[in-house]
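Dumped upload.txt below, it's compact mmCIF, C-alpha atoms:
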# COMPACT_ATOMS: atom_id res chain seq x y z
CA MET A 1 -33.89 47.94 -71.15
CA LYS A 2 -30.56 49.71 -71.48
CA ILE A 3 -29.20 47.73 -74.44
CA ASP A 4 -32.43 48.41 -76.32
CA ARG A 5 -32.16 52.14 -75.60
CA LEU A 6 -28.48 52.28 -76.59
CA LEU A 7 -29.23 50.69 -79.94
CA SER A 8 -32.13 53.13 -80.43
CA ILE A 9 -29.90 56.13 -79.66
CA VAL A 10 -27.33 55.03 -82.26
CA ILE A 11 -30.06 54.63 -84.90
CA VAL A 12 -31.47 58.09 -84.07
CA LEU A 13 -28.01 59.66 -84.33
CA LEU A 14 -27.36 57.92 -87.65
CA GLY A 15 -30.43 59.60 -89.08
CA ARG A 16 -29.91 63.09 -87.64
CA ARG A 17 -26.94 65.42 -87.48
CA LEU A 18 -27.55 66.68 -83.91
CA VAL A 19 -30.07 65.83 -81.20
CA GLN A 20 -30.62 67.60 -77.90
CA ALA A 21 -30.08 65.50 -74.75
CA LYS A 22 -33.47 66.66 -73.45
CA GLU A 23 -35.15 65.40 -76.64
CA LEU A 24 -33.53 61.99 -76.25
CA ALA A 25 -34.55 61.89 -72.58
CA ASP A 26 -38.17 62.64 -73.49
CA MET A 27 -38.06 60.13 -76.33
CA PHE A 28 -37.02 57.26 -74.06
CA GLY A 29 -38.69 58.36 -70.84
CA VAL A 30 -35.49 58.73 -68.80
CA SER A 31 -33.58 61.61 -67.23
CA VAL A 32 -31.03 63.78 -69.04
CA ARG A 33 -28.44 62.41 -66.63
CA THR A 34 -29.24 58.87 -67.82
CA ILE A 35 -28.82 59.95 -71.47
CA TYR A 36 -25.36 61.35 -70.74
CA ARG A 37 -24.42 58.07 -69.04
CA ASP A 38 -25.65 56.24 -72.15
CA ILE A 39 -23.49 58.49 -74.35
CA GLU A 40 -20.49 57.68 -72.18
CA THR A 41 -21.25 53.96 -72.49
CA LEU A 42 -21.46 54.24 -76.29
CA SER A 43 -18.15 56.10 -76.39
CA LEU A 44 -16.48 53.41 -74.31
CA ALA A 45 -17.88 50.81 -76.74
CA GLY A 46 -16.13 52.56 -79.65
CA ILE A 47 -19.09 54.49 -81.11
CA PRO A 48 -17.73 58.02 -81.92
CA VAL A 49 -20.42 60.06 -80.16
CA VAL A 50 -19.56 63.73 -79.61
CA THR A 51 -21.27 66.52 -77.68
CA TYR A 52 -21.32 70.08 -79.07
CA GLN A 53 -21.81 72.86 -76.53
CA GLY A 54 -23.50 76.24 -76.95
CA GLY A 55 -26.43 77.46 -79.01
CA GLY A 56 -27.36 75.04 -81.76
CA GLY A 57 -25.29 72.32 -80.12
CA GLY A 58 -26.31 68.83 -79.16
CA ILE A 59 -25.27 65.20 -79.42
CA GLY A 60 -24.12 63.70 -82.70
CA LEU A 61 -21.75 61.28 -84.39
CA ILE A 62 -18.37 62.20 -85.86
CA GLU A 63 -18.82 63.48 -89.42
CA GLY A 64 -18.77 60.66 -91.95
CA TYR A 65 -19.39 57.87 -89.43
CA ARG A 66 -21.61 55.03 -90.63
CA LEU A 67 -22.36 51.58 -89.32
CA ASP A 68 -20.50 49.04 -91.44
CA ARG A 69 -23.07 46.42 -92.40
CA ASN A 70 -20.30 43.94 -93.17
CA VAL A 71 -18.99 43.92 -89.60
CA LEU A 72 -21.60 41.33 -88.54
CA THR A 73 -22.80 38.39 -90.61
CA ASP A 74 -26.48 37.55 -91.00
CA HIS A 75 -26.02 34.61 -88.62
CA GLU A 76 -24.45 36.87 -85.97
CA LEU A 77 -27.23 39.44 -86.33
CA ALA A 78 -29.81 36.66 -86.01
CA GLN A 79 -28.15 35.49 -82.78
CA ILE A 80 -28.29 39.03 -81.39
CA PHE A 81 -31.94 39.28 -82.39
CA SER A 82 -32.77 35.96 -80.69
CA ALA A 83 -31.09 37.11 -77.48
CA LEU A 84 -33.02 40.40 -77.51
CA ARG A 85 -36.28 38.65 -78.34
CA SER A 86 -35.89 36.37 -75.33
CA LEU A 87 -36.01 39.47 -73.13
CA SER A 88 -38.69 41.34 -75.09
CA PRO A 89 -41.54 40.40 -72.68
CA TYR A 90 -39.60 42.25 -69.98
CA THR A 91 -38.48 45.16 -72.18
CA GLY A 92 -41.69 45.83 -74.07
CA ASP A 93 -42.08 46.42 -77.78
CA HIS A 94 -40.99 43.33 -79.72
CA GLY A 95 -41.77 45.00 -83.05
CA ARG A 96 -39.31 47.82 -82.41
CA LEU A 97 -36.51 45.33 -81.79
CA MET A 98 -37.15 43.64 -85.13
CA GLU A 99 -37.18 47.03 -86.87
CA LYS A 100 -33.89 48.12 -85.34
CA ILE A 101 -32.01 44.94 -86.16
CA SER A 102 -33.57 44.78 -89.63
CA SER A 103 -32.42 48.34 -90.37
CA ILE A 104 -28.82 47.08 -90.35
CA VAL A 105 -29.60 44.22 -92.76
CA PRO A 106 -29.61 45.14 -96.48
CA PRO A 107 -33.03 44.64 -98.15
CA SER A 108 -31.53 42.01 -100.44
CA ARG A 109 -30.74 39.82 -97.41
CA SER A 110 -33.82 40.65 -95.30
CA GLN A 111 -35.76 37.47 -96.12
CA GLN A 112 -32.72 35.29 -95.40
CA PHE A 113 -32.16 37.06 -92.09
CA ARG A 114 -35.77 36.50 -90.99
CA SER A 115 -35.47 32.84 -91.93
CA ILE A 116 -32.32 32.43 -89.84
CA ALA A 117 -33.84 34.29 -86.86
CA ALA A 118 -36.91 32.03 -86.94
CA ARG A 119 -34.82 28.89 -86.49
CA GLN A 120 -34.18 29.56 -82.81
CA VAL A 121 -36.64 30.95 -80.27
CA ILE A 122 -35.78 31.49 -76.61
CA ASP A 123 -38.76 32.29 -74.40
CA LEU A 124 -37.91 32.88 -70.73
CA THR A 125 -41.44 33.77 -69.64
CA PRO A 126 -43.60 31.30 -67.67
CA TRP A 127 -46.82 29.83 -68.99
CA GLY A 128 -49.85 31.98 -68.31
CA LEU A 129 -50.39 35.69 -68.01
CA PRO A 130 -47.67 38.08 -66.71
CA GLY A 131 -48.12 39.16 -63.13
CA ALA A 132 -46.53 40.99 -60.24
CA SER A 133 -43.02 39.78 -61.10
CA GLU A 134 -43.02 41.78 -64.34
CA GLN A 135 -44.11 44.89 -62.43
CA LYS A 136 -41.28 44.38 -59.96
CA LEU A 137 -38.77 43.95 -62.78
CA ALA A 138 -39.95 47.13 -64.48
CA LEU A 139 -39.53 49.10 -61.24
CA LEU A 140 -36.09 47.59 -60.59
CA LYS A 141 -34.94 48.46 -64.12
CA GLU A 142 -35.95 52.07 -63.58
CA ALA A 143 -34.01 52.17 -60.33
CA LEU A 144 -30.98 50.57 -62.00
CA GLU A 145 -30.94 53.05 -64.86
CA GLU A 146 -31.39 56.04 -62.57
CA SER A 147 -29.03 54.73 -59.81
CA ILE A 148 -31.73 55.12 -57.17
CA THR A 149 -32.12 52.96 -54.06
CA VAL A 150 -35.02 50.55 -53.57
CA SER A 151 -36.68 49.33 -50.37
CA PHE A 152 -38.61 46.13 -49.77
CA ALA A 153 -39.55 43.53 -47.20
CA TYR A 154 -37.55 40.35 -47.81
CA VAL A 155 -38.41 36.83 -46.71
CA SER A 156 -35.46 34.42 -46.58
CA ALA A 157 -35.62 30.71 -47.40
CA GLU A 158 -36.04 30.03 -43.68
CA GLY A 159 -39.04 32.39 -43.48
CA THR A 160 -37.23 35.24 -41.70
CA ALA A 161 -38.60 38.65 -42.71
CA THR A 162 -36.45 41.79 -42.78
CA VAL A 163 -36.78 45.25 -44.31
CA ARG A 164 -34.00 46.12 -46.76
CA CYS A 165 -32.75 49.27 -48.45
CA VAL A 166 -30.56 48.33 -51.42
CA GLU A 167 -28.47 50.11 -54.03
CA PRO A 168 -29.32 48.05 -57.15
CA TYR A 169 -26.48 47.04 -59.48
CA THR A 170 -27.53 44.11 -61.65
CA LEU A 171 -30.57 42.01 -62.51
CA VAL A 172 -29.67 38.35 -62.92
CA MET A 173 -31.70 35.48 -64.34
CA LYS A 174 -30.45 32.25 -62.78
CA GLY A 175 -32.21 28.90 -62.92
CA GLN A 176 -35.38 30.45 -64.41
CA SER A 177 -35.63 32.94 -61.53
CA TRP A 178 -34.78 36.64 -61.38
CA TYR A 179 -32.39 38.00 -58.74
CA LEU A 180 -31.23 41.48 -57.81
CA TYR A 181 -27.59 42.01 -56.97
CA GLY A 182 -26.89 45.16 -54.96
CA TYR A 183 -25.42 46.78 -51.90
CA CYS A 184 -27.59 46.08 -48.84
CA LYS A 185 -27.41 48.87 -46.26
CA LEU A 186 -28.69 46.58 -43.51
CA ARG A 187 -25.88 44.05 -44.02
CA GLU A 188 -23.35 46.68 -45.19
CA ASP A 189 -22.28 44.38 -48.00
CA PHE A 190 -23.34 43.22 -51.47
CA ARG A 191 -26.10 40.64 -51.54
CA LEU A 192 -28.16 38.66 -54.06
CA PHE A 193 -31.94 38.85 -53.57
CA LYS A 194 -34.58 36.68 -55.19
CA VAL A 195 -37.15 38.99 -56.78
CA HIS A 196 -39.98 36.58 -55.96
CA ARG A 197 -39.26 37.02 -52.24
CA MET A 198 -39.46 40.81 -52.35
CA LYS A 199 -42.65 42.29 -50.89
CA ASP A 200 -43.85 45.92 -50.88
CA LEU A 201 -41.12 46.97 -53.31
CA VAL A 202 -40.80 50.76 -53.70
CA LYS A 203 -38.33 53.00 -55.48
CA GLY A 204 -36.69 55.53 -53.19
CA THR A 205 -35.36 59.03 -53.83
CA ALA A 206 -31.71 58.65 -52.76
CA VAL A 207 -29.27 58.63 -55.68
CA PHE A 208 -26.07 56.61 -55.22
CA THR A 209 -22.75 56.46 -57.07
CA ARG A 210 -22.12 53.09 -58.67
CA LEU A 211 -18.84 51.34 -57.92
CA GLU A 212 -16.84 49.62 -60.62
CA LEU A 213 -17.23 45.88 -60.07
CA SER A 214 -15.36 43.03 -61.72
CA PHE A 215 -17.67 40.42 -63.22
CA ARG A 216 -15.18 37.77 -62.13
CA ASP A 217 -16.00 38.60 -58.51
CA LEU A 218 -19.78 38.47 -58.85
CA PRO A 219 -21.46 35.73 -56.84
CA TRP A 220 -24.21 34.16 -58.93
CA ASN A 221 -22.09 31.15 -59.87
CA ASP A 222 -21.47 30.44 -56.19
CA TYR A 223 -24.94 30.50 -54.62
CA PRO A 224 -28.49 31.09 -55.90
CA GLY A 225 -29.90 33.20 -53.08
CA GLU A 226 -28.73 35.40 -50.26
CA ARG A 227 -25.86 33.12 -49.24
CA GLU A 228 -28.12 30.07 -49.00
CA ALA A 229 -26.43 26.73 -48.35
CA LEU A 230 -26.72 24.12 -51.10
CA THR A 231 -27.91 20.65 -50.18
CA GLU A 232 -27.32 17.49 -52.22
CA VAL A 233 -30.66 15.94 -53.19
CA ILE A 234 -30.70 12.43 -54.71
CA LEU A 235 -33.70 11.36 -56.79
CA HIS A 236 -34.60 7.96 -58.24
CA PHE A 237 -36.64 7.36 -61.39
CA SER A 238 -37.76 3.79 -62.08
CA ALA A 239 -37.56 2.24 -65.53
CA LYS A 240 -41.23 3.09 -66.04
CA ASN A 241 -40.47 6.77 -65.49
CA LYS A 242 -37.07 7.02 -67.15
CA ARG A 243 -38.51 9.10 -70.02
CA ILE A 244 -39.45 11.86 -67.56
CA ALA A 245 -35.90 11.96 -66.21
CA GLU A 246 -34.44 12.04 -69.73
CA GLU A 247 -36.66 14.99 -70.67
CA ARG A 248 -35.82 17.01 -67.56
CA PHE A 249 -32.11 16.35 -67.04
CA GLU A 250 -28.95 16.26 -69.12
CA CYS A 251 -27.45 12.87 -69.96
CA SER A 252 -24.39 13.72 -67.86
CA GLU A 253 -26.65 14.10 -64.78
CA LEU A 254 -28.29 10.67 -65.15
CA GLN A 255 -26.77 7.59 -63.53
CA ALA A 256 -28.13 4.19 -64.57
CA ASP A 257 -29.28 2.15 -61.57
CA GLY A 258 -28.82 -1.29 -63.15
CA SER A 259 -32.55 -2.00 -63.45
CA GLY A 260 -33.39 0.35 -66.29
CA GLY A 261 -33.96 3.44 -64.15
CA TYR A 262 -31.88 6.43 -63.12
CA THR A 263 -30.60 8.19 -60.04
CA VAL A 264 -29.94 11.93 -60.22
CA SER A 265 -27.84 13.96 -57.80
CA LEU A 266 -28.65 17.68 -57.57
CA ARG A 267 -27.50 20.61 -55.44
CA TYR A 268 -30.18 23.11 -54.44
CA PRO A 269 -31.11 25.34 -51.50
CA VAL A 270 -33.83 23.68 -49.42
CA ASP A 271 -36.72 26.11 -49.76
CA GLU A 272 -40.27 26.33 -51.06
CA TRP A 273 -39.06 26.30 -54.65
CA LEU A 274 -37.31 22.96 -54.14
CA TYR A 275 -40.43 21.29 -52.75
CA GLY A 276 -42.51 22.70 -55.58
CA PHE A 277 -39.93 21.39 -58.04
CA LEU A 278 -39.96 17.91 -56.48
CA LEU A 279 -43.75 17.80 -56.33
CA SER A 280 -43.90 18.65 -60.03
CA PHE A 281 -42.69 15.10 -60.77
CA GLY A 282 -45.71 13.60 -58.99
CA SER A 283 -45.11 9.94 -58.20
CA ALA A 284 -42.50 9.57 -60.96
CA ALA A 285 -39.57 10.52 -58.69
CA GLU A 286 -38.55 9.15 -55.29
CA VAL A 287 -36.37 11.25 -52.99
CA LEU A 288 -33.61 9.01 -51.61
CA GLU A 289 -31.61 11.66 -49.75
CA PRO A 290 -31.62 13.67 -47.57
CA GLN A 291 -34.09 12.13 -45.19
CA HIS A 292 -35.50 15.43 -43.89
CA VAL A 293 -36.40 16.48 -47.44
CA ARG A 294 -37.96 13.06 -48.08
CA GLN A 295 -39.98 13.33 -44.86
CA ARG A 296 -41.14 16.88 -45.55
CA LEU A 297 -42.15 15.97 -49.09
CA GLY A 298 -44.27 13.12 -47.71
CA GLU A 299 -45.98 15.49 -45.29
CA LEU A 300 -46.77 17.89 -48.13
CA ALA A 301 -48.19 15.03 -50.22
CA VAL A 302 -50.46 13.99 -47.33
CA ASP A 303 -51.63 17.60 -46.93
CA ILE A 304 -52.35 17.84 -50.66
CA ALA A 305 -54.34 14.60 -50.54
CA ALA A 306 -56.30 15.82 -47.52
CA ASN A 307 -57.09 19.14 -49.20
CA THR A 308 -58.23 17.32 -52.33
CA ALA A 309 -60.45 14.90 -50.39
CA ARG A 310 -62.05 17.59 -48.23
CA GLN A 311 -65.53 18.77 -49.27
CA PRO A 312 -65.09 22.29 -50.72
CA ASP A 313 -67.20 25.21 -49.59
CA SER A 314 -70.22 25.25 -51.88
CA LYS A 315 -69.98 29.03 -52.11
CA LEU A 316 -66.43 28.79 -53.45
CA SER A 317 -66.73 25.89 -55.83
CA SER A 318 -69.22 23.57 -57.40
CA SER A 319 -66.57 21.28 -58.87
CA PRO A 320 -66.77 17.52 -58.23
CA VAL A 321 -64.69 16.09 -55.37
CA TYR A 322 -62.08 13.41 -56.00
CA THR A 323 -60.69 11.21 -53.24
CA VAL A 324 -56.94 10.51 -53.30
CA THR A 325 -55.53 7.50 -51.49
CA VAL A 326 -51.95 7.84 -50.21

Take the structure in the file and give it back as structure tokens.
Amino acid sequence: MKIDRLLSIVIVLLGRRLVQAKELADMFGVSVRTIYRDIETLSLAGIPVVTYQGGGGGIGLIEGYRLDRNVLTDHELAQIFSALRSLSPYTGDHGRLMEKISSIVPPSRSQQFRSIAARQVIDLTPWGLPGASEQKLALLKEALEESITVSFAYVSAEGTATVRCVEPYTLVMKGQSWYLYGYCKLREDFRLFKVHRMKDLVKGTAVFTRLELSFRDLPWNDYPGEREALTEVILHFSAKNKRIAEERFECSELQADGSGGYTVSLRYPVDEWLYGFLLSFGSAAEVLEPQHVRQRLGELAVDIAANTARQPDSKLSSSPVYTVTV
């Protein structure tokens, strides 16, 4: 990931007077062009990186520059470490991240730092083994860093399939799902794509010039997919199931129903994810509104019961069969 590489470059430059751009490119597995963009980013961030031309030249830091270890407190460094660790399954080597952050912490405070960092763990990965999503993310990160277009087949929430060629700008995690924000050549506009809905993703060869975008204008606070409409969904949890509602939702989202239970009002796009989310509550939640979501959820429950009651193919499974009454 870029922030990981930027931190690594600074640490390398702190330890060496000059480094060739080609050496850095080989070290991090990127192009020389990407390294020069990284150097520009570091300069804009206030790190005094300079480039010396000619024989014996290279990239280095201004003479006498050192990282001031007193700029950040141990608590602030621990917060940075926790944020990086949350992304480490998608960026790779967790051990290297610990080493880089620890190199800024004086040995006398190392044990205290590790203790602070261990107090908070953020793990964004799902239960189970990593799969195709991680492979997609790795490919998209390469395309982002190299400013190269990507192509993929995309299936909308309504099931419409299209082929897209996109200039990737930003990877966004929203609501426990990854999205790609980029310029879609088919729509001739910027769009937000859910990574899970991308099929046959490939990195192209066309290099594009990134535009300067204002984060205030970016759309991921407005809609979670490619301009999907949000629908209000109202759930009811009886008094018997109130604990489940309290574990899943914030107190501000729960409305007491007068009989010990709760109603919850949510706004989501109506898609496969929503039905999977609602089914995850089992019989603990009742969908009050809208009626078409309630009806569809009932149909899915009947299908699930029928699939469970049906005798499985003996070649596929020897597990016992359980009958579910709906």

- Task: Within 8 Å of region 162-173 of chain A, counting all atoms listed in the file, which residues show up once you throw out same-chain ones fewer than 6 positions away? Write them as a list in words, please.
- Result: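 Returned residues: Leu140, Lys141, Ala143, Leu144, Ser147, Ile148, Thr149, Val150, Ser151, Phe152, Ala153, Tyr154, Val155, Tyr179, Leu180, Tyr181, Gly182, Tyr183, Cys184, Lys185, Leu186, Phe208, Arg210 and Trp220 of chain A.
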
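CA of Lys194 (chain A) is positioned 7.4 Å from CA of Ser177 (chain A).
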
- Message: Please report the interatomic distance between CA of Gln53 (chain A) and CA of Met27 (chain A) in Å with one decimal.
- Response: 20.6 Å

- Task: Could you check how far CA of Ser238 (chain A) sits from CA of Ser252 (chain A), in Å to one decimal?
- Result: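 So the two atoms, CA of Ser238 (chain A) and CA of Ser252 (chain A), lie 17.6 Å apart.
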
- A:Gly260, A:Arg267, A:Glu247, A:Phe237 ranked by distance to Gly282 (chain A), top pick (using all atoms listed in the file): A:Phe237

- Message: When you look at Val287 (chain A) with a cut-off of 8 Å (counting all atoms listed in the file), what residues show up, excluding the ones that are within fewer than 6 positions of it in the same chain? I need them as a VMD selection string.
- Response: chain A and resid 233 to 236 293 to 294

- Message: Nearest residue to Leu230 (chain A) out of A:Gln255, A:Glu146, A:Arg191, A:Leu274, using all atoms listed in the file?
- Response: A:Leu274

- Query: Residues around (-37.2, 17.6, -47.8), cut-off 12 Å, counting only C-alpha atoms - what are they as a VMD selection string?
  - Reply: chain A and resid 231 to 235 268 to 279 286 to 301

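Taking only C-alpha atoms into account, the protein, DNA and RNA residues within 12 Å of (-19.2, 54.6, -79.7) read Leu6, Leu7, Ile9, Val10, Leu13, Leu14, Asp38, Ile39, Glu40, Thr41, Leu42, Ser43, Leu44, Ala45, Gly46, Ile47, Pro48, Val49, Val50, Gly60, Leu61, Ile62, Tyr65, Arg66 and Leu67 of chain A.
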
What would the file look like if the residues just selected were written as a compact mmCIF listing (two decimals), in the frame of the given file with C-alpha atoms?
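Result saved to part-v2.txt:
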# COMPACT_ATOMS: atom_id res chain seq x y z
CA LEU A 6 -28.48 52.28 -76.59
CA LEU A 7 -29.23 50.69 -79.94
CA ILE A 9 -29.90 56.13 -79.66
CA VAL A 10 -27.33 55.03 -82.26
CA LEU A 13 -28.01 59.66 -84.33
CA LEU A 14 -27.36 57.92 -87.65
CA ASP A 38 -25.65 56.24 -72.15
CA ILE A 39 -23.49 58.49 -74.35
CA GLU A 40 -20.49 57.68 -72.18
CA THR A 41 -21.25 53.96 -72.49
CA LEU A 42 -21.46 54.24 -76.29
CA SER A 43 -18.15 56.10 -76.39
CA LEU A 44 -16.48 53.41 -74.31
CA ALA A 45 -17.88 50.81 -76.74
CA GLY A 46 -16.13 52.56 -79.65
CA ILE A 47 -19.09 54.49 -81.11
CA PRO A 48 -17.73 58.02 -81.92
CA VAL A 49 -20.42 60.06 -80.16
CA VAL A 50 -19.56 63.73 -79.61
CA GLY A 60 -24.12 63.70 -82.70
CA LEU A 61 -21.75 61.28 -84.39
CA ILE A 62 -18.37 62.20 -85.86
CA TYR A 65 -19.39 57.87 -89.43
CA ARG A 66 -21.61 55.03 -90.63
CA LEU A 67 -22.36 51.58 -89.32
